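Structure file target-v7.txt; described as compact mmCIF, N, CA and C atoms and all ligand atoms.
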# COMPACT_ATOMS: atom_id res chain seq x y z
N MET A 14 -140.45 -3.24 -25.86
CA MET A 14 -139.39 -2.60 -25.06
C MET A 14 -138.24 -3.59 -24.91
N ASN A 15 -137.08 -3.29 -25.40
CA ASN A 15 -136.01 -4.29 -25.38
C ASN A 15 -134.73 -3.79 -24.75
N GLN A 16 -134.79 -2.69 -23.98
CA GLN A 16 -133.56 -2.17 -23.41
C GLN A 16 -133.40 -2.49 -21.93
N PHE A 17 -134.23 -3.40 -21.47
CA PHE A 17 -134.01 -3.92 -20.12
C PHE A 17 -134.44 -5.38 -20.08
N SER A 18 -133.88 -6.11 -19.15
CA SER A 18 -134.26 -7.51 -19.02
C SER A 18 -133.93 -7.99 -17.61
N ILE A 19 -134.59 -9.06 -17.24
CA ILE A 19 -134.32 -9.68 -15.94
C ILE A 19 -133.39 -10.86 -16.15
N ILE A 20 -132.33 -10.90 -15.36
CA ILE A 20 -131.38 -12.01 -15.45
C ILE A 20 -131.49 -12.82 -14.16
N ASP A 21 -131.70 -14.11 -14.31
CA ASP A 21 -131.73 -14.98 -13.13
C ASP A 21 -130.31 -15.39 -12.77
N LEU A 22 -129.94 -15.17 -11.52
CA LEU A 22 -128.59 -15.48 -11.06
C LEU A 22 -128.60 -16.83 -10.35
N LYS A 23 -127.57 -17.60 -10.62
CA LYS A 23 -127.52 -18.95 -10.05
C LYS A 23 -127.03 -18.88 -8.60
N ALA A 24 -127.85 -19.36 -7.71
CA ALA A 24 -127.46 -19.38 -6.29
C ALA A 24 -126.84 -20.73 -5.97
N ILE A 25 -125.75 -20.67 -5.22
CA ILE A 25 -125.13 -21.89 -4.73
C ILE A 25 -125.63 -22.08 -3.31
N GLY A 26 -126.41 -23.11 -3.11
CA GLY A 26 -127.03 -23.26 -1.80
C GLY A 26 -126.65 -24.56 -1.13
N ASP A 27 -126.60 -24.53 0.18
CA ASP A 27 -126.48 -25.75 0.96
C ASP A 27 -127.21 -25.50 2.28
N ASP A 28 -127.02 -26.38 3.24
CA ASP A 28 -127.81 -26.22 4.46
C ASP A 28 -127.39 -25.01 5.30
N ARG A 29 -126.35 -24.30 4.87
CA ARG A 29 -125.96 -23.08 5.59
C ARG A 29 -126.63 -21.84 5.02
N GLY A 30 -127.20 -21.97 3.81
CA GLY A 30 -127.80 -20.81 3.16
C GLY A 30 -127.36 -20.72 1.72
N SER A 31 -127.33 -19.51 1.18
CA SER A 31 -127.07 -19.35 -0.25
C SER A 31 -125.96 -18.34 -0.51
N LEU A 32 -125.35 -18.49 -1.68
CA LEU A 32 -124.26 -17.60 -2.11
C LEU A 32 -124.39 -17.38 -3.61
N ILE A 33 -124.22 -16.14 -4.02
CA ILE A 33 -124.22 -15.84 -5.45
C ILE A 33 -122.93 -15.11 -5.79
N ALA A 34 -122.25 -15.57 -6.82
CA ALA A 34 -121.00 -14.93 -7.26
C ALA A 34 -121.25 -14.23 -8.59
N LEU A 35 -120.71 -13.02 -8.71
CA LEU A 35 -120.83 -12.27 -9.96
C LEU A 35 -119.43 -12.11 -10.54
N GLU A 36 -119.24 -12.59 -11.74
CA GLU A 36 -117.91 -12.57 -12.34
C GLU A 36 -117.93 -11.95 -13.72
N GLU A 37 -116.98 -11.03 -13.95
CA GLU A 37 -116.81 -10.45 -15.27
C GLU A 37 -116.52 -11.56 -16.27
N LYS A 38 -117.04 -11.38 -17.47
CA LYS A 38 -116.82 -12.33 -18.58
C LYS A 38 -117.42 -13.70 -18.29
N ASN A 39 -118.15 -13.82 -17.21
CA ASN A 39 -118.83 -15.07 -16.93
C ASN A 39 -120.33 -14.81 -16.87
N ASN A 40 -120.84 -14.42 -15.71
CA ASN A 40 -122.29 -14.17 -15.65
C ASN A 40 -122.65 -12.68 -15.58
N LEU A 41 -121.64 -11.80 -15.73
CA LEU A 41 -121.94 -10.36 -15.80
C LEU A 41 -121.97 -9.92 -17.27
N PRO A 42 -122.95 -9.10 -17.65
CA PRO A 42 -123.09 -8.73 -19.07
C PRO A 42 -122.15 -7.63 -19.53
N PHE A 43 -121.35 -7.08 -18.61
CA PHE A 43 -120.37 -6.05 -18.98
C PHE A 43 -119.28 -6.02 -17.91
N ASP A 44 -118.19 -5.34 -18.24
CA ASP A 44 -117.12 -5.17 -17.25
C ASP A 44 -117.51 -4.03 -16.30
N VAL A 45 -117.31 -4.25 -15.03
CA VAL A 45 -117.82 -3.32 -14.01
C VAL A 45 -116.77 -2.30 -13.61
N LYS A 46 -117.13 -1.01 -13.69
CA LYS A 46 -116.21 0.04 -13.24
C LYS A 46 -116.66 0.64 -11.91
N ARG A 47 -117.93 0.44 -11.56
CA ARG A 47 -118.46 1.13 -10.38
C ARG A 47 -119.57 0.30 -9.75
N VAL A 48 -119.60 0.31 -8.43
CA VAL A 48 -120.70 -0.31 -7.69
C VAL A 48 -121.20 0.71 -6.69
N TYR A 49 -122.51 0.89 -6.60
CA TYR A 49 -123.07 1.73 -5.54
C TYR A 49 -124.31 1.05 -4.98
N TYR A 50 -124.72 1.44 -3.81
CA TYR A 50 -125.94 0.85 -3.26
C TYR A 50 -126.79 1.89 -2.56
N ILE A 51 -128.08 1.64 -2.64
CA ILE A 51 -129.10 2.55 -2.11
C ILE A 51 -129.79 1.82 -0.95
N PHE A 52 -129.84 2.45 0.19
CA PHE A 52 -130.46 1.81 1.35
C PHE A 52 -131.01 2.90 2.27
N GLY A 53 -131.81 2.49 3.26
CA GLY A 53 -132.37 3.46 4.21
C GLY A 53 -133.32 4.44 3.53
N THR A 54 -133.97 4.00 2.47
CA THR A 54 -134.89 4.90 1.75
C THR A 54 -136.17 5.07 2.57
N ALA A 55 -136.54 6.30 2.79
CA ALA A 55 -137.72 6.58 3.62
C ALA A 55 -139.00 6.19 2.87
N GLU A 56 -140.03 5.89 3.66
CA GLU A 56 -141.31 5.47 3.11
C GLU A 56 -141.86 6.55 2.15
N GLY A 57 -142.39 6.11 1.02
CA GLY A 57 -143.03 7.04 0.09
C GLY A 57 -142.06 7.75 -0.85
N VAL A 58 -140.76 7.53 -0.66
CA VAL A 58 -139.77 8.22 -1.50
C VAL A 58 -139.73 7.60 -2.90
N ARG A 59 -139.58 8.45 -3.88
CA ARG A 59 -139.40 8.02 -5.27
C ARG A 59 -138.08 8.60 -5.75
N ARG A 60 -137.22 7.78 -6.32
CA ARG A 60 -135.89 8.22 -6.77
C ARG A 60 -135.77 8.04 -8.27
N GLY A 61 -134.64 8.41 -8.79
CA GLY A 61 -134.40 8.24 -10.22
C GLY A 61 -134.80 9.49 -10.97
N TYR A 62 -135.88 9.39 -11.76
CA TYR A 62 -136.35 10.50 -12.61
C TYR A 62 -135.26 10.92 -13.59
N HIS A 63 -134.67 9.95 -14.25
CA HIS A 63 -133.66 10.27 -15.26
C HIS A 63 -133.47 9.08 -16.20
N ALA A 64 -132.78 9.34 -17.29
CA ALA A 64 -132.30 8.28 -18.18
C ALA A 64 -130.79 8.47 -18.30
N HIS A 65 -130.13 7.47 -18.87
CA HIS A 65 -128.70 7.59 -19.16
C HIS A 65 -128.48 7.52 -20.66
N LYS A 66 -127.50 8.29 -21.12
CA LYS A 66 -127.20 8.28 -22.55
C LYS A 66 -126.52 6.98 -22.95
N ASN A 67 -125.55 6.54 -22.15
CA ASN A 67 -124.74 5.37 -22.55
C ASN A 67 -124.58 4.29 -21.49
N LEU A 68 -124.85 4.62 -20.26
CA LEU A 68 -124.51 3.71 -19.15
C LEU A 68 -125.28 2.39 -19.20
N LYS A 69 -124.57 1.32 -18.89
CA LYS A 69 -125.22 0.02 -18.67
C LYS A 69 -125.20 -0.26 -17.18
N GLN A 70 -126.30 -0.75 -16.65
CA GLN A 70 -126.36 -1.00 -15.22
C GLN A 70 -127.09 -2.31 -14.93
N LEU A 71 -126.69 -2.93 -13.83
CA LEU A 71 -127.33 -4.15 -13.36
C LEU A 71 -127.74 -3.89 -11.91
N ALA A 72 -129.04 -3.96 -11.64
CA ALA A 72 -129.55 -3.64 -10.30
C ALA A 72 -130.04 -4.91 -9.62
N ILE A 73 -129.61 -5.10 -8.37
CA ILE A 73 -130.01 -6.29 -7.61
C ILE A 73 -130.49 -5.85 -6.24
N CYS A 74 -131.69 -6.29 -5.89
CA CYS A 74 -132.22 -6.00 -4.57
C CYS A 74 -131.74 -7.11 -3.64
N VAL A 75 -130.63 -6.90 -2.97
CA VAL A 75 -130.05 -7.99 -2.16
C VAL A 75 -130.79 -8.16 -0.84
N SER A 76 -131.58 -7.17 -0.47
CA SER A 76 -132.43 -7.28 0.73
C SER A 76 -133.72 -6.52 0.47
N GLY A 77 -134.84 -7.06 0.93
CA GLY A 77 -136.12 -6.37 0.78
C GLY A 77 -136.59 -6.31 -0.66
N ASN A 78 -137.32 -5.27 -0.98
CA ASN A 78 -137.87 -5.15 -2.33
C ASN A 78 -138.11 -3.68 -2.69
N CYS A 79 -138.18 -3.45 -3.99
CA CYS A 79 -138.54 -2.12 -4.49
C CYS A 79 -139.07 -2.29 -5.91
N LYS A 80 -139.63 -1.22 -6.44
CA LYS A 80 -140.17 -1.28 -7.80
C LYS A 80 -139.46 -0.29 -8.70
N PHE A 81 -139.39 -0.64 -9.98
CA PHE A 81 -138.85 0.25 -11.01
C PHE A 81 -139.96 0.57 -12.01
N LEU A 82 -140.08 1.81 -12.35
CA LEU A 82 -140.84 2.20 -13.52
C LEU A 82 -139.83 2.40 -14.64
N LEU A 83 -140.01 1.66 -15.74
CA LEU A 83 -139.08 1.74 -16.87
C LEU A 83 -139.85 2.21 -18.10
N ASP A 84 -139.34 3.25 -18.73
CA ASP A 84 -140.06 3.92 -19.80
C ASP A 84 -139.09 4.12 -20.97
N ASN A 85 -139.44 3.57 -22.14
CA ASN A 85 -138.55 3.73 -23.31
C ASN A 85 -139.02 4.86 -24.23
N GLY A 86 -139.92 5.68 -23.72
CA GLY A 86 -140.42 6.80 -24.51
C GLY A 86 -141.71 6.47 -25.23
N GLU A 87 -142.02 5.16 -25.27
CA GLU A 87 -143.26 4.73 -25.94
C GLU A 87 -144.14 3.94 -24.99
N THR A 88 -143.50 3.02 -24.24
CA THR A 88 -144.27 2.23 -23.29
C THR A 88 -143.61 2.26 -21.93
N GLN A 89 -144.44 2.07 -20.93
CA GLN A 89 -143.95 2.07 -19.55
C GLN A 89 -144.22 0.69 -18.94
N GLN A 90 -143.27 0.23 -18.16
CA GLN A 90 -143.44 -1.05 -17.50
C GLN A 90 -143.02 -0.95 -16.04
N HIS A 91 -143.73 -1.64 -15.18
CA HIS A 91 -143.38 -1.64 -13.76
C HIS A 91 -142.80 -3.01 -13.40
N ILE A 92 -141.63 -2.99 -12.79
CA ILE A 92 -140.95 -4.25 -12.45
C ILE A 92 -140.68 -4.24 -10.94
N GLU A 93 -140.98 -5.35 -10.29
CA GLU A 93 -140.63 -5.45 -8.87
C GLU A 93 -139.37 -6.29 -8.71
N LEU A 94 -138.41 -5.78 -7.96
CA LEU A 94 -137.24 -6.57 -7.60
C LEU A 94 -137.42 -7.02 -6.16
N ASN A 95 -137.42 -8.32 -5.95
CA ASN A 95 -137.69 -8.82 -4.59
C ASN A 95 -136.88 -10.06 -4.27
N SER A 96 -135.82 -10.28 -5.05
CA SER A 96 -135.00 -11.47 -4.80
C SER A 96 -133.54 -11.15 -5.07
N PRO A 97 -132.63 -11.59 -4.19
CA PRO A 97 -131.21 -11.39 -4.44
C PRO A 97 -130.70 -12.24 -5.61
N ALA A 98 -131.57 -13.13 -6.10
CA ALA A 98 -131.16 -13.99 -7.22
C ALA A 98 -131.69 -13.47 -8.56
N GLN A 99 -132.14 -12.22 -8.56
CA GLN A 99 -132.72 -11.63 -9.76
C GLN A 99 -132.04 -10.29 -10.02
N ALA A 100 -131.56 -10.09 -11.24
CA ALA A 100 -130.88 -8.83 -11.57
C ALA A 100 -131.60 -8.15 -12.73
N LEU A 101 -131.74 -6.85 -12.61
CA LEU A 101 -132.37 -6.06 -13.67
C LEU A 101 -131.28 -5.37 -14.47
N LEU A 102 -131.19 -5.73 -15.75
CA LEU A 102 -130.21 -5.10 -16.65
C LEU A 102 -130.90 -3.95 -17.39
N ILE A 103 -130.30 -2.76 -17.29
CA ILE A 103 -130.86 -1.60 -18.01
C ILE A 103 -129.75 -1.04 -18.89
N GLU A 104 -130.04 -0.95 -20.16
CA GLU A 104 -129.07 -0.36 -21.09
C GLU A 104 -129.84 0.46 -22.12
N GLY A 105 -129.18 1.44 -22.67
CA GLY A 105 -129.86 2.28 -23.64
C GLY A 105 -130.71 3.34 -22.98
N LEU A 106 -131.47 4.02 -23.78
CA LEU A 106 -132.25 5.17 -23.31
C LEU A 106 -133.52 4.70 -22.61
N ILE A 107 -133.46 4.60 -21.31
CA ILE A 107 -134.62 4.18 -20.51
C ILE A 107 -134.79 5.18 -19.36
N TRP A 108 -135.95 5.80 -19.32
CA TRP A 108 -136.28 6.65 -18.18
C TRP A 108 -136.63 5.73 -17.01
N ARG A 109 -136.06 5.96 -15.83
CA ARG A 109 -136.34 5.10 -14.69
C ARG A 109 -136.72 5.88 -13.45
N GLU A 110 -137.66 5.29 -12.72
CA GLU A 110 -138.01 5.81 -11.40
C GLU A 110 -138.10 4.60 -10.48
N MET A 111 -137.58 4.75 -9.25
CA MET A 111 -137.63 3.66 -8.28
C MET A 111 -138.54 4.09 -7.13
N TYR A 112 -139.39 3.15 -6.68
CA TYR A 112 -140.37 3.51 -5.65
C TYR A 112 -140.75 2.27 -4.86
N ASN A 113 -141.63 2.45 -3.88
CA ASN A 113 -142.09 1.33 -3.02
C ASN A 113 -140.92 0.58 -2.38
N PHE A 114 -139.95 1.31 -1.88
CA PHE A 114 -138.82 0.66 -1.19
C PHE A 114 -139.31 0.11 0.15
N SER A 115 -139.04 -1.15 0.42
CA SER A 115 -139.34 -1.67 1.74
C SER A 115 -138.28 -1.09 2.71
N PRO A 116 -138.60 -1.00 4.01
CA PRO A 116 -137.65 -0.38 4.95
C PRO A 116 -136.29 -1.08 4.96
N ASN A 117 -136.28 -2.38 4.66
CA ASN A 117 -135.01 -3.14 4.68
C ASN A 117 -134.37 -3.25 3.30
N CYS A 118 -134.84 -2.46 2.35
CA CYS A 118 -134.34 -2.60 0.97
C CYS A 118 -132.88 -2.14 0.85
N VAL A 119 -132.06 -3.00 0.26
CA VAL A 119 -130.70 -2.62 -0.14
C VAL A 119 -130.60 -2.94 -1.62
N LEU A 120 -130.49 -1.88 -2.42
CA LEU A 120 -130.43 -2.03 -3.87
C LEU A 120 -129.00 -1.78 -4.32
N ILE A 121 -128.35 -2.83 -4.81
CA ILE A 121 -126.97 -2.71 -5.29
C ILE A 121 -127.01 -2.53 -6.81
N VAL A 122 -126.21 -1.59 -7.29
CA VAL A 122 -126.17 -1.36 -8.74
C VAL A 122 -124.72 -1.44 -9.22
N LEU A 123 -124.50 -2.27 -10.24
CA LEU A 123 -123.19 -2.40 -10.89
C LEU A 123 -123.27 -1.62 -12.20
N ALA A 124 -122.24 -0.85 -12.49
CA ALA A 124 -122.28 0.01 -13.69
C ALA A 124 -121.02 -0.19 -14.52
N ASP A 125 -121.17 0.05 -15.82
CA ASP A 125 -120.02 -0.17 -16.72
C ASP A 125 -119.16 1.09 -16.88
N ASP A 126 -119.50 2.15 -16.11
CA ASP A 126 -118.67 3.36 -16.20
C ASP A 126 -118.69 4.10 -14.86
N TYR A 127 -117.75 5.03 -14.74
CA TYR A 127 -117.68 5.85 -13.53
C TYR A 127 -118.85 6.82 -13.50
N TYR A 128 -119.06 7.45 -12.36
CA TYR A 128 -120.14 8.43 -12.22
C TYR A 128 -119.82 9.66 -13.07
N LYS A 129 -120.71 9.95 -14.01
CA LYS A 129 -120.53 11.12 -14.88
C LYS A 129 -121.87 11.82 -15.02
N GLU A 130 -121.98 12.98 -14.42
CA GLU A 130 -123.27 13.69 -14.47
C GLU A 130 -123.66 13.99 -15.93
N ALA A 131 -122.66 14.14 -16.80
CA ALA A 131 -122.95 14.46 -18.21
C ALA A 131 -123.70 13.33 -18.92
N ASP A 132 -123.67 12.13 -18.34
CA ASP A 132 -124.36 10.99 -18.97
C ASP A 132 -125.86 10.96 -18.60
N TYR A 133 -126.26 11.81 -17.63
CA TYR A 133 -127.65 11.81 -17.16
C TYR A 133 -128.52 12.71 -18.04
N ILE A 134 -129.75 12.26 -18.29
CA ILE A 134 -130.79 13.13 -18.86
C ILE A 134 -131.84 13.24 -17.76
N ARG A 135 -131.94 14.39 -17.15
CA ARG A 135 -132.82 14.52 -15.99
C ARG A 135 -134.12 15.26 -16.30
N ASP A 136 -134.31 15.59 -17.58
CA ASP A 136 -135.54 16.28 -17.99
C ASP A 136 -136.32 15.36 -18.93
N TYR A 137 -137.60 15.10 -18.61
CA TYR A 137 -138.36 14.10 -19.36
C TYR A 137 -138.56 14.49 -20.82
N ASP A 138 -138.80 15.78 -21.09
CA ASP A 138 -139.00 16.20 -22.48
C ASP A 138 -137.71 16.04 -23.30
N THR A 139 -136.58 16.32 -22.66
CA THR A 139 -135.29 16.13 -23.34
C THR A 139 -135.10 14.64 -23.65
N PHE A 140 -135.48 13.79 -22.69
CA PHE A 140 -135.40 12.33 -22.90
C PHE A 140 -136.23 11.92 -24.12
N LEU A 141 -137.47 12.40 -24.19
CA LEU A 141 -138.33 12.04 -25.33
C LEU A 141 -137.72 12.51 -26.64
N GLN A 142 -137.10 13.68 -26.62
CA GLN A 142 -136.46 14.21 -27.82
C GLN A 142 -135.28 13.32 -28.25
N GLU A 143 -134.49 12.89 -27.25
CA GLU A 143 -133.34 12.00 -27.52
C GLU A 143 -133.81 10.67 -28.13
N VAL A 144 -134.92 10.14 -27.60
CA VAL A 144 -135.47 8.89 -28.14
C VAL A 144 -135.85 9.10 -29.61
N LYS A 145 -136.51 10.23 -29.86
CA LYS A 145 -136.95 10.57 -31.23
C LYS A 145 -135.74 10.72 -32.15
N ASN A 146 -134.70 11.42 -31.67
CA ASN A 146 -133.49 11.62 -32.48
C ASN A 146 -132.85 10.29 -32.83
N GLY A 147 -132.87 9.36 -31.88
CA GLY A 147 -132.26 8.05 -32.09
C GLY A 147 -132.95 7.23 -33.15
N LYS A 148 -134.19 7.58 -33.41
CA LYS A 148 -134.97 6.82 -34.42
C LYS A 148 -134.81 7.39 -35.81
N ASN A 149 -134.30 8.64 -35.90
CA ASN A 149 -134.17 9.30 -37.21
C ASN A 149 -132.82 9.02 -37.86
C1 LIG B 201 -129.59 5.15 -11.56
C2 LIG B 201 -130.44 4.77 -10.39
C3 LIG B 201 -130.88 3.34 -10.43
C4 LIG B 201 -122.33 9.92 -6.83
O1 LIG B 201 -121.60 10.81 -6.37
N1 LIG B 201 -121.78 8.78 -7.37
C5 LIG B 201 -122.56 7.80 -7.90
O2 LIG B 201 -122.01 6.79 -8.37
C6 LIG B 201 -123.98 7.96 -7.89
C7 LIG B 201 -124.88 6.89 -8.48
C8 LIG B 201 -124.51 9.10 -7.36
N2 LIG B 201 -123.70 10.05 -6.84
C9 LIG B 201 -124.30 11.23 -6.22
C10 LIG B 201 -125.11 12.13 -7.16
C11 LIG B 201 -126.16 12.71 -6.26
O3 LIG B 201 -125.66 13.86 -5.62
O4 LIG B 201 -125.23 10.80 -5.23
C12 LIG B 201 -126.38 11.62 -5.20
C13 LIG B 201 -127.65 10.82 -5.42
O5 LIG B 201 -127.68 10.36 -6.80
P1 LIG B 201 -129.03 10.31 -7.65
O6 LIG B 201 -129.94 11.39 -7.21
O7 LIG B 201 -128.65 10.26 -9.10
O8 LIG B 201 -129.61 8.89 -7.17
P2 LIG B 201 -130.87 8.11 -7.76
O9 LIG B 201 -131.23 7.09 -6.75
O10 LIG B 201 -131.92 9.03 -8.22
O11 LIG B 201 -130.29 7.35 -9.07
C14 LIG B 201 -129.29 6.35 -8.95
C15 LIG B 201 -128.19 6.55 -10.00
O12 LIG B 201 -127.71 7.90 -9.94
C16 LIG B 201 -128.66 6.29 -11.41
O13 LIG B 201 -127.56 6.16 -12.28
O14 LIG B 201 -129.78 4.64 -12.65
O15 LIG B 201 -129.85 5.05 -9.12
Would you mind giving the structure from this file in structure tokens?
Amino acid sequence: MNQFSIIDLKAIGDDRGSLIALEEKNNLPFDVKRVYYIFGTAEGVRRGYHAHKNLKQLAICVSGNCKFLLDNGETQQHIELNSPAQALLIEGLIWREMYNFSPNCVLIVLADDYYKEADYIRDYDTFLQEVKNGKN
């Protein structure tokens, strides 16, 4: 599975605490057009259930923790985000579900494009078909 990866972000720390800067053309893997964040997720909630046709995204759990199920149509992997110094890069056709949100979880997502519902694949069988088409 090669359409997602974990990027370690360099924290600048001193006796006051830590700071992480994200800069286009420096430590960001794409130019950012949109930022959104997910918070206040109720216990037991599972979100996502979709893939994107073209979108690139970088997800950072700046507070608390949550898990991602990442599925490329062949294999599934579970990733826990639990550090503000760790970013999950997702690009290409990856089905994702987010779950196990801690009550204090704030998940920030940077995206390389504006919100476009047409970029979503929200049906799993359609996703599998798209993966298959991409291989032919
Ligand atoms: C993703 C995962 C990690 C907007 O109006 N603008 C936006 O930028 C976004 C992201 C969503 N919305 C609307 C669309 C829905 O009516 O907000 C509502 C909730 O969105 P959704 O159900 O798609 O949220 P999640 O948590 O299932 O998925 C989100 C992103 O949509 C998705 O791109 O990869 O987080």
**Message:** Using all atoms listed in the file, which protein or nucleic acid residues come within 8 Å of range 96-98 of chain A? Drop anything in the same chain fewer than 2 positions from it, and give the result as a ChimeraX atom specification.
**Reply:** /A:20-24,33,73-79,93-94,100-101
**Message:** Could you check the closest approach to ligand LIG 201 (chain B) for each of A:Asp84, A:Glu110, A:Asp136, A:Glu36 and tell me which residue wins, using only C-alpha atoms and all ligand atoms?
**Reply:** A:Glu110
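Comparing the minimum interatomic distances between ligand LIG 201 (chain B) and each of A:Arg29, A:Lys148, A:Arg60, A:Lys69, counting all atoms listed in the file, we find that A:Arg60 sits nearest.
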**Request:** Please identify which residues in range 68-149 of chain A DSSP calls helix (DSSP H, G or I) from the backbone, and express them as a ChimeraX atom specification.
**Result:** /A:130-132,137-148
Within 8 Å of ligand LIG 201 (chain B), which residues of chain A come that close, and what is the closest atom pair and distance in Å for each? Count only C-alpha atoms and all ligand atoms and give it as a tab-separated table.
residue	atom	partner	partner_atom	distance
A:Arg47	CA	B:LIG201	O2	7.0
A:Val48	CA	B:LIG201	O2	7.3
A:Tyr49	CA	B:LIG201	O2	5.9
A:Ile51	CA	B:LIG201	O9	6.8
A:Arg60	CA	B:LIG201	O10	4.3
A:Gly61	CA	B:LIG201	O10	3.3
A:Tyr62	CA	B:LIG201	O10	6.4
A:His63	CA	B:LIG201	O14	7.3
A:Ala64	CA	B:LIG201	O14	7.1
A:His65	CA	B:LIG201	O13	7.1
A:Leu68	CA	B:LIG201	O13	7.9
A:Gln70	CA	B:LIG201	O14	7.1
A:Ala72	CA	B:LIG201	C3	7.1
A:Arg109	CA	B:LIG201	O14	6.9
A:Glu110	CA	B:LIG201	O10	7.6
A:Met111	CA	B:LIG201	C3	7.1
A:Val122	CA	B:LIG201	C3	6.9
A:Tyr127	CA	B:LIG201	O2	6.8
A:Tyr128	CA	B:LIG201	O2	4.6
A:Lys129	CA	B:LIG201	O2	8.0
A:Glu130	CA	B:LIG201	C10	7.7
A:Tyr133	CA	B:LIG201	O13	7.5
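If you measure from each of A:Ala131, A:Gln99, A:Asn85, A:Gln142 to Ile19 in chain A using only C-alpha atoms, the closest one turns out to be A:Gln99.
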**Prompt:** Residues of chain A in strand (DSSP E or B) according to DSSP, as a ChimeraX atom specification?
**Reply:** /A:17-21,25-27,30-32,47-52,60-65,70-76,79-84,89-94,99-103,108-112,119-124,133-134
**Complete:** Asp125 in chain A proximity check over A:Thr139, A:Asn95, A:Asn67, A:Asn113, using all atoms listed in the file: winner is A:Asn67
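Using only C-alpha atoms, the nearest neighbour of Thr88 in chain A within the list A:Leu32, A:Ile134, A:Val119, A:Ile107 is A:Ile107.
If only C-alpha atoms are the atoms counted, then among A:Phe52, A:Glu104, A:Gly26, A:Gln16 the closest residue to Gln89 in chain A is A:Gln16.
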